[in-house]
$ cat input.txt   # compact mmCIF, C-alpha atoms
# COMPACT_ATOMS: atom_id res chain seq x y z
CA MET H 244 107.44 125.11 23.66
CA ASN H 245 105.76 128.51 23.32
CA LYS H 246 103.31 128.47 26.23
CA PRO H 247 100.21 130.61 25.78
CA ALA H 248 98.92 132.76 28.62
CA GLY H 249 96.38 130.92 30.75
CA LEU H 250 97.92 127.45 30.41
CA LEU H 251 99.28 125.64 33.47
CA VAL H 252 102.65 123.91 33.19
CA HIS H 253 101.41 120.88 35.16
CA ARG H 254 98.68 119.91 37.61
CA SER H 255 98.36 122.14 40.65
CA PRO H 256 96.22 121.89 43.80
CA ILE H 257 95.24 125.54 43.40
CA ASP H 258 93.69 124.92 39.94
CA ARG H 259 91.88 121.63 40.42
CA HIS H 260 89.30 122.44 37.72
CA GLU H 261 91.92 122.69 34.95
CA THR H 262 92.14 119.79 32.50
CA ARG H 263 94.79 121.07 30.05
CA PHE H 264 98.47 121.30 30.93
CA ALA H 265 101.57 122.12 28.91
CA LEU H 266 103.26 118.94 30.12
CA GLN H 267 100.40 116.77 28.89
CA LEU H 268 99.99 118.59 25.57
CA LEU H 269 103.67 118.30 24.71
CA ARG H 270 103.80 114.65 25.80
CA ASP H 271 100.84 113.83 23.56
CA GLN H 272 102.36 115.76 20.64
CA LEU H 273 105.75 114.00 20.87
CA GLY H 274 104.44 110.59 21.88
CA HIS H 275 106.68 110.14 24.92
CA ARG H 276 107.26 111.61 28.37
CA VAL H 277 108.85 115.02 28.87
CA TYR H 278 110.29 116.55 32.03
CA PRO H 279 109.82 120.21 33.04
CA VAL H 280 113.00 122.21 33.56
CA HIS H 281 111.55 125.47 34.89
CA ARG H 282 108.13 126.98 35.33
CA LEU H 283 106.13 129.92 34.05
CA ASP H 284 103.13 131.24 35.95
CA LYS H 285 99.79 130.28 34.46
CA PRO H 286 99.06 133.82 33.15
CA THR H 287 102.59 134.29 31.71
CA SER H 288 103.33 133.32 28.11
CA GLY H 289 106.57 132.45 26.38
CA VAL H 290 109.50 130.05 26.22
CA LEU H 291 108.93 126.95 28.35
CA LEU H 292 111.69 124.34 28.41
CA PHE H 293 111.33 120.57 28.87
CA GLY H 294 113.90 117.80 28.81
CA ARG H 295 113.37 114.62 26.81
CA SER H 296 114.92 112.55 29.61
CA PRO H 297 115.28 112.92 33.38
CA GLU H 298 119.03 113.34 32.93
CA SER H 299 118.79 116.17 30.40
CA ALA H 300 116.11 117.92 32.46
CA ALA H 301 118.28 117.71 35.58
CA ALA H 302 121.31 119.08 33.71
CA LEU H 303 119.28 122.00 32.35
CA ALA H 304 117.60 122.69 35.70
CA GLY H 305 121.06 122.82 37.27
CA GLN H 306 121.90 125.79 35.07
CA PHE H 307 118.87 127.66 36.41
CA ALA H 308 119.84 126.72 39.98
CA ARG H 309 123.40 127.98 39.42
CA ARG H 310 122.03 131.14 37.76
CA SER H 311 124.04 130.49 34.60
CA ALA H 312 120.93 130.39 32.40
CA GLY H 313 119.83 133.78 31.05
CA LYS H 314 116.12 134.69 31.06
CA THR H 315 114.62 137.66 29.22
CA TYR H 316 111.04 138.87 29.65
CA ILE H 317 108.94 141.66 28.16
CA ALA H 318 106.22 143.42 30.16
CA ILE H 319 103.84 146.36 29.94
CA VAL H 320 103.62 148.24 33.23
CA ARG H 321 101.75 151.14 34.73
CA GLY H 322 103.54 154.49 34.70
CA TRP H 323 106.89 155.56 33.27
CA CYS H 324 109.43 153.45 35.10
CA PRO H 325 113.10 154.57 35.30
CA GLU H 326 115.15 154.07 32.13
CA GLN H 327 117.05 151.20 33.71
CA GLY H 328 117.94 149.79 37.08
CA THR H 329 118.26 146.88 39.46
CA ILE H 330 115.56 145.77 41.85
CA ASP H 331 117.32 144.11 44.77
CA HIS H 332 114.46 143.35 47.11
CA PRO H 333 114.18 140.13 49.16
CA LEU H 334 110.88 138.30 48.89
CA THR H 335 109.06 136.16 51.39
CA GLU H 336 108.76 132.64 50.02
CA ASN H 337 105.43 132.31 48.24
CA HIS H 338 104.17 128.76 47.71
CA ASP H 339 101.02 126.68 47.64
CA SER H 340 99.78 124.96 50.75
CA ALA H 341 101.54 121.70 51.48
CA ALA H 342 100.38 119.05 49.04
CA GLY H 343 97.08 120.88 48.66
CA SER H 344 96.16 120.10 52.26
CA GLY H 345 95.29 123.68 53.10
CA LYS H 346 97.89 123.75 55.87
CA PRO H 347 100.22 126.78 55.75
CA MET H 348 103.92 126.13 55.28
CA PRO H 349 106.63 128.10 57.12
CA ALA H 350 107.73 131.14 55.10
CA ARG H 351 111.30 132.33 54.75
CA THR H 352 112.81 135.41 53.14
CA GLN H 353 114.88 134.85 49.99
CA ASP H 354 117.20 137.18 48.09
CA ALA H 355 115.68 138.34 44.79
CA VAL H 356 117.27 140.48 42.07
CA THR H 357 115.82 141.75 38.78
CA LEU H 358 117.48 143.91 36.12
CA PHE H 359 115.19 146.10 34.02
CA GLN H 360 115.37 148.45 31.05
CA ARG H 361 112.62 150.74 29.79
CA LEU H 362 112.08 150.34 26.05
CA ALA H 363 109.22 152.71 25.25
CA THR H 364 106.57 154.92 26.88
CA ALA H 365 103.04 156.06 26.14
CA ASP H 366 100.97 158.91 27.57
CA LEU H 367 97.23 158.47 26.94
CA PRO H 368 94.87 161.45 27.33
CA VAL H 369 92.50 159.32 29.41
CA ALA H 370 91.76 159.66 33.14
CA VAL H 371 92.03 156.01 34.14
CA ASP H 372 92.95 156.73 37.75
CA ARG H 373 93.13 160.05 39.59
CA TYR H 374 95.22 161.85 36.94
CA PRO H 375 93.93 163.51 33.72
CA SER H 376 96.25 161.33 31.60
CA THR H 377 97.68 157.86 32.02
CA ARG H 378 101.22 156.60 31.40
CA TYR H 379 102.52 153.14 30.55
CA SER H 380 105.92 151.62 29.78
CA LEU H 381 107.24 148.72 27.73
CA VAL H 382 109.95 147.07 29.84
CA LEU H 383 112.67 144.45 29.34
CA LEU H 384 113.24 142.31 32.44
CA ARG H 385 116.12 139.98 33.29
CA PRO H 386 115.62 138.10 36.57
CA VAL H 387 118.91 137.13 38.19
CA THR H 388 117.16 134.94 40.75
CA GLY H 389 114.12 132.76 40.16
CA ARG H 390 111.67 133.36 42.99
CA ARG H 391 108.00 132.62 42.59
CA HIS H 392 106.10 135.56 41.07
CA GLN H 393 109.36 137.52 41.32
CA LEU H 394 108.81 139.86 38.38
CA ARG H 395 105.22 140.60 39.31
CA ARG H 396 106.14 141.29 42.94
CA HIS H 397 109.25 143.31 42.08
CA LEU H 398 107.40 145.58 39.65
CA LYS H 399 104.73 146.17 42.27
CA HIS H 400 107.51 146.99 44.76
CA ILE H 401 108.75 149.87 42.56
CA SER H 402 105.15 151.07 41.99
CA HIS H 403 105.02 149.99 38.32
CA PRO H 404 102.82 146.89 38.44
CA ILE H 405 102.39 144.74 35.35
CA ILE H 406 99.12 145.28 33.49
CA GLY H 407 96.72 142.37 33.83
CA ASP H 408 98.12 141.21 37.17
CA ALA H 409 95.07 140.40 39.28
CA ASN H 410 97.10 139.75 42.45
CA HIS H 411 99.84 142.39 42.37
CA GLY H 412 98.47 144.96 39.92
CA LYS H 413 95.82 147.64 40.03
CA GLY H 414 92.28 146.72 39.00
CA VAL H 415 91.36 150.05 37.42
CA HIS H 416 94.22 149.77 34.90
CA ASN H 417 93.55 146.09 34.24
CA ARG H 418 89.91 146.90 33.46
CA PHE H 419 90.95 149.77 31.18
CA PHE H 420 93.05 147.40 29.06
CA GLN H 421 90.19 144.90 28.95
CA GLN H 422 87.69 147.51 27.82
CA HIS H 423 89.89 149.71 25.62
CA PHE H 424 92.23 147.12 24.05
CA ASN H 425 90.16 143.94 24.51
CA CYS H 426 93.15 142.50 26.36
CA HIS H 427 92.34 139.99 29.09
CA ARG H 428 95.77 138.58 29.94
CA LEU H 429 98.79 139.36 32.08
CA LEU H 430 101.13 141.41 29.87
CA LEU H 431 104.27 139.48 30.78
CA ALA H 432 106.10 137.08 28.43
CA CYS H 433 109.35 135.13 28.55
CA VAL H 434 110.81 135.88 25.12
CA LYS H 435 114.32 134.40 25.37
CA LEU H 436 116.35 131.77 27.21
CA ASN H 437 120.14 131.48 26.96
CA LEU H 438 121.79 128.30 28.21
CA GLN H 439 124.03 125.39 27.25
CA HIS H 440 123.03 122.15 25.59
CA PRO H 441 122.88 119.49 28.33
CA THR H 442 124.89 116.94 26.31
CA HIS H 443 127.58 118.71 24.28
CA GLY H 444 127.62 122.11 25.96
CA SER H 445 127.04 124.28 22.89
CA ALA H 446 125.24 127.58 23.39
CA LEU H 447 121.46 127.50 23.04
CA GLU H 448 119.30 130.56 22.45
CA LEU H 449 115.56 129.94 22.49
CA ARG H 450 113.27 132.77 21.36
CA THR H 451 109.60 133.46 20.87
CA GLY H 452 107.24 136.42 20.57
CA PRO H 453 105.04 137.68 23.41
CA GLY H 454 101.77 136.54 21.81
CA GLY H 455 99.03 138.07 19.68
CA GLU H 456 97.17 139.99 22.38
CA PHE H 457 100.40 141.46 23.71
CA GLU H 458 101.56 142.49 20.23
CA ALA H 459 98.17 144.06 19.45
CA VAL H 460 98.42 146.25 22.56
CA ALA H 461 101.99 147.21 21.65
CA ARG H 462 100.83 148.28 18.18
CA ALA H 463 97.94 150.28 19.64
CA LEU H 464 100.39 152.13 21.89
CA GLY H 465 102.80 152.81 19.00
CA TRP H 466 105.47 150.43 20.24
CA GLN H 467 105.75 148.03 17.31
CA GLY H 468 109.24 149.29 16.43
CA ALA H 469 110.52 149.12 20.00
CA LEU H 470 109.06 145.65 20.49
CA LYS H 471 110.52 144.37 17.21
CA ALA H 472 113.97 145.73 18.10
CA ALA H 473 113.83 144.19 21.57
CA LEU H 474 112.86 140.76 20.23
CA ALA H 475 115.65 140.88 17.64
CA ALA H 476 118.39 141.94 20.08

$ encode --input "input.txt" --output "C-alpha cells"
Amino acid sequence: MNKPAGLLVHRSPIDRHETRFALQLLRDQLGHRVYPVHRLDKPTSGVLLFGRSPESAAALAGQFARRSAGKTYIAIVRGWCPEQGTIDHPLTENHDSAAGSGKPMPARTQDAVTLFQRLATADLPVAVDRYPSTRYSLVLLRPVTGRRHQLRRHLKHISHPIIGDANHGKGVHNRFFQQHFNCHRLLLACVKLNLQHPTHGSALELRTGPGGEFEAVARALGWQGALKAALAA
C-alpha cells in the first residue's frame, strides 16, 4: 500500500491515542488478514509491503533480513549535502520500552550504512537561521541496513537533517517550511522497493510518489524535473 505520512503501521504503546492503522485499513479493504513485512515510521510516507499469508510475509521479510531487498527513499534536507557518498555510522539500538511497561531495555550498537545521492539544490534569499540565505537539497537515499530511524539519524549525523523531523531535525527550519510552504510533515518517503516474489521468485518493483505535500514543496523549490526523473529511474 501507499502509506500516507502520519499513519501508524500497527498499534504501538507510544501512540496509545491512535485509532487508525495501516494494518487495520488494509485488512478491512481486502476482507481478510494481512501480515506486515517491514515498517515505515509514522511520519514517513511511501511503499509499505504486507503479505497475504504468514508464509509469504516471512519469505519477504527474510529478503529484508538478508539485505537482498532494495529500498529507495527521497528526502528534502537542510543545506547542500555532498553530491554522493556513503554514511557508515553505527547506531545505538533505538526501541520502545519493553511491552509499553516504561522499563528501559538494554541498548546495543548496530552497524548502519546508507548510500546517498544529491539530486537538486535550492538557495533561498531568506535568513531562516544565522545566515542571510538558506540552502536545501533533494536527496536520494538507499539504506543498506534497516535500523530504526536510520535515515533520520544518519542525515543528522552528517549535519543535513531531514526537514520536518521533530526529533532529529532543527526546529527553525521545520517551522519555516510550515509557515512558508504550508508543509507539516516529515519530508521523507519510500518511493521504491525491489525484491523477489515470495512464491515464484520473479523480480518485483513496487513504486509510488512521495505524496502531495512533498511534491508541492518540490515544485515551489523548482525541483519538479529532478523529482520526476528520480521517480522514473

$ residues_around --input "input.txt" --residues "Ile406 (chain H)" --least-positions-apart "2" --cutoff "12 Å" --atoms "all atoms listed in the file" --output "PyMOL selection string"
chain H and resi 286-287+317-322+378-382+395+398-399+402-404+408-421+424+426-432+457+460

$ closest_residue --input "input.txt" --among "H:Val434, H:Ile401, H:Leu449, H:Ala300" --to "Leu283 (chain H)" --atoms "all atoms listed in the file"
H:Val434

$ atom_distance --input "input.txt" --atom1 "CA of Glu326 (chain H)" --atom2 "CA of Arg361 (chain H)"
4.8 Å

$ atom_distance --input "input.txt" --atom1 "CA of Ala304 (chain H)" --atom2 "CA of Val277 (chain H)"
13.5 Å

$ atom_distance --input "input.txt" --atom1 "CA of Leu438 (chain H)" --atom2 "CA of Leu303 (chain H)"
7.9 Å

$ closest_residue --input "input.txt" --among "H:Leu362, H:Val369, H:Ala473, H:Cys433" --to "Leu292 (chain H)" --atoms "all atoms listed in the file"
H:Cys433

$ closest_residue --input "input.txt" --among "H:Gly389, H:Pro441, H:Pro247, H:Gly328" --to "Glu298 (chain H)" --atoms "only C-alpha atoms"
H:Pro441

$ residues_around --input "input.txt" --residues "Gln439 (chain H)" --least-positions-apart "4" --cutoff "10 Å" --atoms "only C-alpha atoms" --output "list in words"
Ala302, Leu303, Gln306, Ser311, Ala312, His443, Gly444, Ser445, Ala446, Leu447 and Glu448 of chain H

$ closest_residue --input "input.txt" --among "H:Leu291, H:Val356, H:Ala365, H:Ile405" --to "Thr388 (chain H)" --atoms "all atoms listed in the file"
H:Val356

$ closest_residue --input "input.txt" --among "H:Val371, H:Leu273, H:Leu334, H:Cys324" --to "Thr352 (chain H)" --atoms "all atoms listed in the file"
H:Leu334

$ closest_residue --input "input.txt" --among "H:Asn245, H:Thr364, H:Ser376, H:Gln272" --to "Leu464 (chain H)" --atoms "all atoms listed in the file"
H:Thr364

$ axis_aligned_box --input "input.txt" --around "region 357-376 of chain H" --padding-each-side "8 Å" --output "lines of an AutoDock Vina configuration file"
center_x = 104.6
center_y = 152.6
center_z = 32.4
size_x = 41.7
size_y = 37.8
size_z = 30.3
